[in-house]
Amino acid sequence: MNKETFYSRMPSPIGELTLVSNGIELTGLYMRSHVVKLKGWTNSDAMLKSVSTQLKAYFDGELRAFDLPMKGEGTEFQRTVWKALCDIPYGETISYGELARRIGQPKAPRAVGLANGSNPISIIVPCHRVIGANGTLTGYGGGLPRKKWLLEHEGGARRLI
């Protein structure tokens, strides 16, 4: 198992992004507002080139679905939530309660919200597509203005209050 961690930074319309990889899979995508400890990591734009290329195409409106090997570290429940996030189509939003129902945990919307907030691969694992049951924007690790921007970019903001 590869123990080395690689990172790269890239500009985006929502601010600088930090991309993280174990050399095989994408393991993190963080916004400037996230605290990322880079000590001991290797800066490698080449290692994360396919990720930055797909993100650029997404931000340019040319890509709606990512095709990247990914592995977010988390509990089994968190990974179940993150997998379900990837099933939310581009430009659509769902509530935390609906996401809980989709994973067979209809009484766990708060736990789903916590797992959503722990998503280490933002944008690509689209946690921004989950909104409050009444259609309002609710928490987002990158900040609500970024969440709103992402939803407007995808055309999903038409359903927001």
# chains A, B, ... in the order shown; residues from 1 in each chain; ligands from 1

$ residues_around --residues "Gly91 (chain A)" --least-positions-apart "2" --cutoff "12 Å" --atoms "only C-alpha atoms" --output "short mmCIF file (atom, residue, chain, number, x, y, z; two decimals) with all heavy atoms, in the first residue's frame"
data_model
loop_
_atom_site.label_atom_id
_atom_site.label_comp_id
_atom_site.auth_asym_id
_atom_site.auth_seq_id
_atom_site.Cartn_x
_atom_site.Cartn_y
_atom_site.Cartn_z
N GLY A 61 -18.18 24.39 -17.72
CA GLY A 61 -19.50 23.95 -18.17
C GLY A 61 -19.45 22.84 -19.20
O GLY A 61 -20.45 22.55 -19.86
N LEU A 63 -18.30 19.58 -18.48
CA LEU A 63 -18.32 18.26 -17.85
C LEU A 63 -19.39 18.23 -16.78
O LEU A 63 -19.46 19.14 -15.95
CB LEU A 63 -16.94 17.96 -17.23
CG LEU A 63 -16.79 16.60 -16.56
CD1 LEU A 63 -16.62 15.52 -17.62
CD2 LEU A 63 -15.59 16.59 -15.63
N ARG A 64 -20.21 17.20 -16.81
CA ARG A 64 -21.28 17.06 -15.81
C ARG A 64 -21.06 15.88 -14.88
O ARG A 64 -21.69 15.81 -13.84
CB ARG A 64 -22.62 16.92 -16.52
CG ARG A 64 -23.03 18.19 -17.20
CD ARG A 64 -24.35 18.01 -17.92
NE ARG A 64 -24.81 19.31 -18.37
CZ ARG A 64 -26.04 19.74 -18.22
NH1 ARG A 64 -26.95 18.97 -17.67
NH2 ARG A 64 -26.38 20.92 -18.65
N ALA A 65 -20.24 14.93 -15.27
CA ALA A 65 -19.98 13.75 -14.44
C ALA A 65 -18.48 13.46 -14.45
O ALA A 65 -17.86 13.42 -15.52
CB ALA A 65 -20.75 12.55 -14.97
N ASP A 87 -24.92 9.70 -6.76
CA ASP A 87 -26.08 9.34 -7.56
C ASP A 87 -27.04 10.51 -7.78
O ASP A 87 -28.04 10.36 -8.49
CB ASP A 87 -26.84 8.18 -6.91
CG ASP A 87 -26.03 6.89 -6.90
OD1 ASP A 87 -25.16 6.71 -7.78
OD2 ASP A 87 -26.26 6.05 -6.00
N ILE A 88 -26.77 11.66 -7.15
CA ILE A 88 -27.62 12.84 -7.36
C ILE A 88 -27.19 13.47 -8.69
O ILE A 88 -26.04 13.90 -8.82
CB ILE A 88 -27.48 13.86 -6.22
CG1 ILE A 88 -27.77 13.22 -4.86
CG2 ILE A 88 -28.41 15.06 -6.47
CD1 ILE A 88 -27.39 14.10 -3.67
N PRO A 89 -28.08 13.52 -9.65
CA PRO A 89 -27.70 14.06 -10.97
C PRO A 89 -27.28 15.53 -10.93
O PRO A 89 -27.75 16.31 -10.11
CB PRO A 89 -28.97 13.89 -11.80
CG PRO A 89 -29.76 12.84 -11.10
CD PRO A 89 -29.45 13.04 -9.64
N THR A 93 -31.18 18.83 -6.86
CA THR A 93 -30.95 18.90 -5.41
C THR A 93 -31.94 17.97 -4.72
O THR A 93 -33.01 17.69 -5.26
CB THR A 93 -31.13 20.33 -4.87
OG1 THR A 93 -32.45 20.79 -5.20
CG2 THR A 93 -30.09 21.28 -5.44
N ILE A 94 -31.53 17.49 -3.54
CA ILE A 94 -32.43 16.69 -2.71
C ILE A 94 -32.25 17.15 -1.26
O ILE A 94 -31.28 17.82 -0.93
CB ILE A 94 -32.19 15.17 -2.83
CG1 ILE A 94 -30.81 14.78 -2.29
CG2 ILE A 94 -32.36 14.71 -4.27
CD1 ILE A 94 -30.62 13.29 -2.16
N PRO A 126 -20.72 15.23 -4.77
CA PRO A 126 -21.47 16.50 -4.75
C PRO A 126 -22.35 16.74 -3.52
O PRO A 126 -23.58 16.81 -3.60
CB PRO A 126 -22.31 16.41 -6.02
CG PRO A 126 -22.56 14.95 -6.18
CD PRO A 126 -21.29 14.28 -5.72
N HIS A 128 -22.78 19.43 -2.18
CA HIS A 128 -23.46 20.72 -2.36
C HIS A 128 -24.88 20.56 -2.90
O HIS A 128 -25.68 21.49 -2.82
CB HIS A 128 -22.64 21.64 -3.28
CG HIS A 128 -22.41 21.09 -4.65
ND1 HIS A 128 -21.39 20.20 -4.93
CD2 HIS A 128 -23.07 21.28 -5.82
CE1 HIS A 128 -21.42 19.88 -6.21
NE2 HIS A 128 -22.45 20.53 -6.77
N ARG A 129 -25.22 19.40 -3.41
CA ARG A 129 -26.55 19.16 -3.99
C ARG A 129 -27.59 18.79 -2.94
O ARG A 129 -28.74 18.52 -3.30
CB ARG A 129 -26.46 18.07 -5.06
CG ARG A 129 -25.62 18.50 -6.25
CD ARG A 129 -25.52 17.44 -7.31
NE ARG A 129 -24.55 17.85 -8.33
CZ ARG A 129 -23.91 17.00 -9.12
NH1 ARG A 129 -24.14 15.71 -9.04
NH2 ARG A 129 -23.03 17.46 -9.99
N VAL A 130 -27.21 18.77 -1.68
CA VAL A 130 -28.15 18.45 -0.61
C VAL A 130 -28.54 19.75 0.10
O VAL A 130 -27.68 20.51 0.53
CB VAL A 130 -27.55 17.43 0.39
CG1 VAL A 130 -28.59 17.04 1.43
CG2 VAL A 130 -27.04 16.19 -0.34
N LYS A 148 -23.97 27.98 -3.04
CA LYS A 148 -24.91 28.66 -3.93
C LYS A 148 -24.31 28.80 -5.34
O LYS A 148 -24.99 28.55 -6.33
CB LYS A 148 -25.28 30.04 -3.37
CG LYS A 148 -26.32 30.75 -4.20
CD LYS A 148 -26.74 32.05 -3.59
CE LYS A 148 -27.84 32.63 -4.46
NZ LYS A 148 -27.96 34.06 -4.35
N TRP A 149 -23.04 29.16 -5.41
CA TRP A 149 -22.38 29.30 -6.71
C TRP A 149 -22.41 27.97 -7.46
O TRP A 149 -22.74 27.93 -8.65
CB TRP A 149 -20.94 29.79 -6.55
CG TRP A 149 -20.32 30.15 -7.87
CD1 TRP A 149 -20.25 31.39 -8.43
CD2 TRP A 149 -19.73 29.25 -8.82
NE1 TRP A 149 -19.65 31.32 -9.67
CE2 TRP A 149 -19.33 30.01 -9.93
CE3 TRP A 149 -19.52 27.88 -8.85
CZ2 TRP A 149 -18.71 29.44 -11.05
CZ3 TRP A 149 -18.91 27.31 -9.97
CH2 TRP A 149 -18.51 28.09 -11.05
N LEU A 150 -22.03 26.89 -6.78
CA LEU A 150 -22.00 25.57 -7.42
C LEU A 150 -23.38 25.18 -7.93
O LEU A 150 -23.53 24.68 -9.06
CB LEU A 150 -21.46 24.51 -6.45
CG LEU A 150 -19.98 24.63 -6.13
CD1 LEU A 150 -19.63 23.78 -4.90
CD2 LEU A 150 -19.12 24.23 -7.32
N LEU A 151 -24.42 25.41 -7.12
CA LEU A 151 -25.77 25.06 -7.54
C LEU A 151 -26.23 25.93 -8.70
O LEU A 151 -26.87 25.44 -9.64
CB LEU A 151 -26.73 25.17 -6.36
CG LEU A 151 -26.52 24.11 -5.27
CD1 LEU A 151 -27.41 24.40 -4.07
CD2 LEU A 151 -26.75 22.71 -5.81
N GLU A 152 -25.92 27.20 -8.66
CA GLU A 152 -26.28 28.08 -9.79
C GLU A 152 -25.53 27.65 -11.04
O GLU A 152 -26.10 27.64 -12.14
CB GLU A 152 -25.98 29.53 -9.44
CG GLU A 152 -26.97 30.10 -8.44
CD GLU A 152 -26.63 31.52 -8.00
OE1 GLU A 152 -25.50 32.00 -8.25
OE2 GLU A 152 -27.51 32.14 -7.37
N HIS A 153 -24.26 27.29 -10.90
CA HIS A 153 -23.45 26.83 -12.03
C HIS A 153 -24.09 25.60 -12.68
O HIS A 153 -24.10 25.47 -13.91
CB HIS A 153 -22.03 26.51 -11.53
CG HIS A 153 -21.15 25.87 -12.56
ND1 HIS A 153 -20.70 26.56 -13.67
CD2 HIS A 153 -20.64 24.62 -12.64
CE1 HIS A 153 -19.95 25.75 -14.40
NE2 HIS A 153 -19.90 24.57 -13.80
N GLU A 154 -24.64 24.72 -11.85
CA GLU A 154 -25.26 23.49 -12.36
C GLU A 154 -26.72 23.69 -12.74
O GLU A 154 -27.36 22.77 -13.24
CB GLU A 154 -25.17 22.39 -11.29
CG GLU A 154 -23.75 21.96 -11.01
CD GLU A 154 -23.67 20.82 -10.00
OE1 GLU A 154 -24.73 20.33 -9.55
OE2 GLU A 154 -22.55 20.42 -9.67
N GLY A 155 -27.27 24.86 -12.48
CA GLY A 155 -28.67 25.11 -12.80
C GLY A 155 -29.63 24.62 -11.74
O GLY A 155 -30.84 24.64 -11.93
N GLY A 156 -29.11 24.16 -10.59
CA GLY A 156 -29.97 23.63 -9.54
C GLY A 156 -30.52 24.68 -8.59
O GLY A 156 -31.36 24.38 -7.76
N ALA A 157 -30.05 25.91 -8.72
CA ALA A 157 -30.48 26.95 -7.78
C ALA A 157 -31.92 27.39 -8.03
O ALA A 157 -32.52 28.03 -7.20
CB ALA A 157 -29.55 28.16 -7.87
N ARG A 158 -32.48 27.02 -9.16
CA ARG A 158 -33.86 27.42 -9.45
C ARG A 158 -34.85 26.89 -8.41
O ARG A 158 -35.93 27.37 -8.27
CB ARG A 158 -34.26 26.96 -10.85
CG ARG A 158 -34.30 25.45 -11.01
CD ARG A 158 -34.57 25.04 -12.45
NE ARG A 158 -34.44 23.61 -12.61
CZ ARG A 158 -33.29 22.98 -12.78
NH1 ARG A 158 -32.16 23.66 -12.82
NH2 ARG A 158 -33.25 21.66 -12.92
N ARG A 159 -34.43 25.85 -7.66
CA ARG A 159 -35.31 25.25 -6.66
C ARG A 159 -35.02 25.76 -5.26
O ARG A 159 -35.59 25.28 -4.30
CB ARG A 159 -35.15 23.73 -6.72
CG ARG A 159 -35.60 23.20 -8.07
CD ARG A 159 -35.28 21.77 -8.31
NE ARG A 159 -35.76 20.91 -7.27
CZ ARG A 159 -35.47 19.64 -7.20
NH1 ARG A 159 -34.70 19.08 -8.10
NH2 ARG A 159 -35.93 18.88 -6.21
N LEU A 160 -34.11 26.70 -5.13
CA LEU A 160 -33.75 27.22 -3.81
C LEU A 160 -34.66 28.36 -3.40
O LEU A 160 -35.16 29.10 -4.23
CB LEU A 160 -32.30 27.71 -3.81
CG LEU A 160 -31.24 26.68 -4.16
CD1 LEU A 160 -29.89 27.35 -4.22
CD2 LEU A 160 -31.24 25.56 -3.15
#

$ residues_around --residues "Lys49 (chain A)" --least-positions-apart "3" --cutoff "12 Å" --atoms "only C-alpha atoms" --output "number ranges by chain"
A: 6-10, 19-21, 23, 26, 43-46, 52-56, 68

$ write_last_selection --atoms "C-alpha atoms" --output "short mmCIF file (atom, residue, chain, number, x, y, z; two decimals), in the first residue's frame"
data_model
loop_
_atom_site.label_atom_id
_atom_site.label_comp_id
_atom_site.auth_asym_id
_atom_site.auth_seq_id
_atom_site.Cartn_x
_atom_site.Cartn_y
_atom_site.Cartn_z
CA PHE A 6 0.53 13.95 -3.05
CA TYR A 7 -1.17 17.30 -3.39
CA SER A 8 -1.68 20.03 -5.92
CA ARG A 9 -3.37 23.38 -5.82
CA MET A 10 -5.45 24.88 -8.58
CA LEU A 19 -6.33 18.24 -4.48
CA VAL A 20 -4.96 15.25 -2.54
CA SER A 21 -4.07 11.75 -3.74
CA GLY A 23 -0.85 8.11 -5.79
CA LEU A 26 -8.16 11.00 -5.25
CA ASN A 43 3.55 18.65 -4.26
CA SER A 44 2.83 17.01 -7.62
CA ASP A 45 0.76 18.74 -10.27
CA ALA A 46 1.53 15.85 -12.64
CA SER A 52 -7.46 19.25 -12.38
CA THR A 53 -8.31 18.70 -16.07
CA GLN A 54 -11.77 17.33 -15.20
CA LEU A 55 -12.40 20.09 -12.64
CA LYS A 56 -11.48 22.75 -15.19
CA LEU A 68 -11.91 9.46 -11.39
#

$ closest_residue --among "A:Phe77, A:Arg146, A:Thr42, A:Gly15" --to "Lys3 (chain A)" --atoms "only C-alpha atoms"
A:Thr42

$ closest_residue --among "A:Glu16, A:Glu92, A:Glu25, A:Glu4" --to "Glu73 (chain A)" --atoms "only C-alpha atoms"
A:Glu25

$ closest_residue --among "A:Leu38, A:Ile14, A:Leu29, A:Met70" --to "Pro145 (chain A)" --atoms "only C-alpha atoms"
A:Ile14

$ closest_residue --among "A:Gly117, A:Gly104, A:Gly143, A:Pro69" --to "Arg32 (chain A)" --atoms "only C-alpha atoms"
A:Gly143

$ select_by_dssp --residues "region 98-152 of chain A" --states "alpha helix (DSSP H)" --output "list in words"
Glu98, Leu99, Ala100, Arg101, Arg102, Pro109, Arg110, Ala111, Val112, Gly113, Leu114, Ala115, Asn116, Gly117, Leu144, Pro145, Arg146, Lys147, Lys148, Trp149, Leu150, Leu151 and Glu152 of chain A

$ write_last_selection --atoms "N, CA, C and O atoms" --output "CSV table (one decimal), in the first residue's frame"
chain,number,residue,atom,x,y,z
A,98,GLU,N,-34.5,13.1,2.2
A,98,GLU,CA,-34.6,12.2,1.0
A,98,GLU,C,-33.3,11.4,0.9
A,98,GLU,O,-33.4,10.2,0.6
A,99,LEU,N,-32.2,12.0,1.2
A,99,LEU,CA,-30.9,11.2,1.1
A,99,LEU,C,-30.9,10.1,2.1
A,99,LEU,O,-30.5,9.0,1.8
A,100,ALA,N,-31.4,10.4,3.3
A,100,ALA,CA,-31.5,9.3,4.3
A,100,ALA,C,-32.4,8.2,3.9
A,100,ALA,O,-32.1,7.0,4.1
A,101,ARG,N,-33.5,8.5,3.2
A,101,ARG,CA,-34.5,7.5,2.7
A,101,ARG,C,-33.8,6.7,1.6
A,101,ARG,O,-33.9,5.4,1.6
A,102,ARG,N,-33.0,7.3,0.8
A,102,ARG,CA,-32.3,6.6,-0.3
A,102,ARG,C,-31.3,5.6,0.2
A,102,ARG,O,-31.1,4.6,-0.5
A,109,PRO,N,-31.8,11.7,9.1
A,109,PRO,CA,-31.4,12.8,8.3
A,109,PRO,C,-30.3,13.6,9.0
A,109,PRO,O,-29.4,14.2,8.3
A,110,ARG,N,-30.3,13.7,10.3
A,110,ARG,CA,-29.2,14.4,11.0
A,110,ARG,C,-27.8,13.7,10.8
A,110,ARG,O,-26.8,14.3,10.6
A,111,ALA,N,-27.9,12.4,10.9
A,111,ALA,CA,-26.6,11.6,10.8
A,111,ALA,C,-26.1,11.7,9.3
A,111,ALA,O,-24.9,11.8,9.1
A,112,VAL,N,-27.1,11.8,8.4
A,112,VAL,CA,-26.7,11.9,7.0
A,112,VAL,C,-26.1,13.3,6.8
A,112,VAL,O,-25.1,13.5,6.1
A,113,GLY,N,-26.7,14.3,7.4
A,113,GLY,CA,-26.1,15.7,7.4
A,113,GLY,C,-24.7,15.7,7.9
A,113,GLY,O,-23.8,16.4,7.3
A,114,LEU,N,-24.4,15.0,9.0
A,114,LEU,CA,-23.1,15.0,9.6
A,114,LEU,C,-22.1,14.3,8.6
A,114,LEU,O,-21.0,14.7,8.4
A,115,ALA,N,-22.5,13.2,8.0
A,115,ALA,CA,-21.7,12.5,7.1
A,115,ALA,C,-21.4,13.3,5.8
A,115,ALA,O,-20.3,13.4,5.3
A,116,ASN,N,-22.5,14.0,5.4
A,116,ASN,CA,-22.4,14.9,4.3
A,116,ASN,C,-21.3,16.0,4.5
A,116,ASN,O,-20.5,16.3,3.7
A,117,GLY,N,-21.3,16.5,5.8
A,117,GLY,CA,-20.4,17.6,6.1
A,117,GLY,C,-19.0,17.1,6.3
A,117,GLY,O,-18.0,17.8,6.3
A,144,LEU,N,-21.6,28.9,2.5
A,144,LEU,CA,-22.8,28.9,1.7
A,144,LEU,C,-22.7,29.7,0.4
A,144,LEU,O,-23.3,29.3,-0.6
A,145,PRO,N,-21.9,30.7,0.3
A,145,PRO,CA,-21.7,31.4,-1.0
A,145,PRO,C,-21.2,30.4,-2.0
A,145,PRO,O,-21.6,30.5,-3.2
A,146,ARG,N,-20.2,29.6,-1.7
A,146,ARG,CA,-19.7,28.6,-2.6
A,146,ARG,C,-20.8,27.6,-3.0
A,146,ARG,O,-20.9,27.2,-4.2
A,147,LYS,N,-21.5,27.1,-2.0
A,147,LYS,CA,-22.6,26.1,-2.3
A,147,LYS,C,-23.6,26.8,-3.3
A,147,LYS,O,-24.0,26.1,-4.3
A,148,LYS,N,-24.0,28.0,-3.0
A,148,LYS,CA,-24.9,28.7,-3.9
A,148,LYS,C,-24.3,28.8,-5.3
A,148,LYS,O,-25.0,28.6,-6.3
A,149,TRP,N,-23.0,29.2,-5.4
A,149,TRP,CA,-22.4,29.3,-6.7
A,149,TRP,C,-22.4,28.0,-7.5
A,149,TRP,O,-22.7,27.9,-8.7
A,150,LEU,N,-22.0,26.9,-6.8
A,150,LEU,CA,-22.0,25.6,-7.4
A,150,LEU,C,-23.4,25.2,-7.9
A,150,LEU,O,-23.5,24.7,-9.1
A,151,LEU,N,-24.4,25.4,-7.1
A,151,LEU,CA,-25.8,25.1,-7.5
A,151,LEU,C,-26.2,25.9,-8.7
A,151,LEU,O,-26.9,25.4,-9.6
A,152,GLU,N,-25.9,27.2,-8.7
A,152,GLU,CA,-26.3,28.1,-9.8
A,152,GLU,C,-25.5,27.7,-11.0
A,152,GLU,O,-26.1,27.6,-12.1

$ select_by_dssp --residues "region 29-96 of chain A" --states "strand (DSSP E)" --output "compact mmCIF listing (two decimals) with C-alpha atoms, in the first residue's frame"
# COMPACT_ATOMS: atom_id res chain seq x y z
CA LEU A 29 -10.57 17.97 -2.58
CA TYR A 30 -10.56 20.94 -0.26
CA MET A 31 -11.44 24.61 -0.56
CA THR A 42 4.64 15.86 -1.94
CA ASN A 43 3.55 18.65 -4.26
CA ILE A 94 -32.43 16.69 -2.71
CA SER A 95 -33.08 17.11 1.00

$ closest_residue --among "A:Phe59, A:Ala84, A:Pro120, A:Gly72" --to "Pro11 (chain A)" --atoms "only C-alpha atoms"
A:Phe59

$ closest_residue --among "A:Tyr96, A:Arg79, A:Gln105, A:Gly28" --to "Gly139 (chain A)" --atoms "only C-alpha atoms"
A:Tyr96
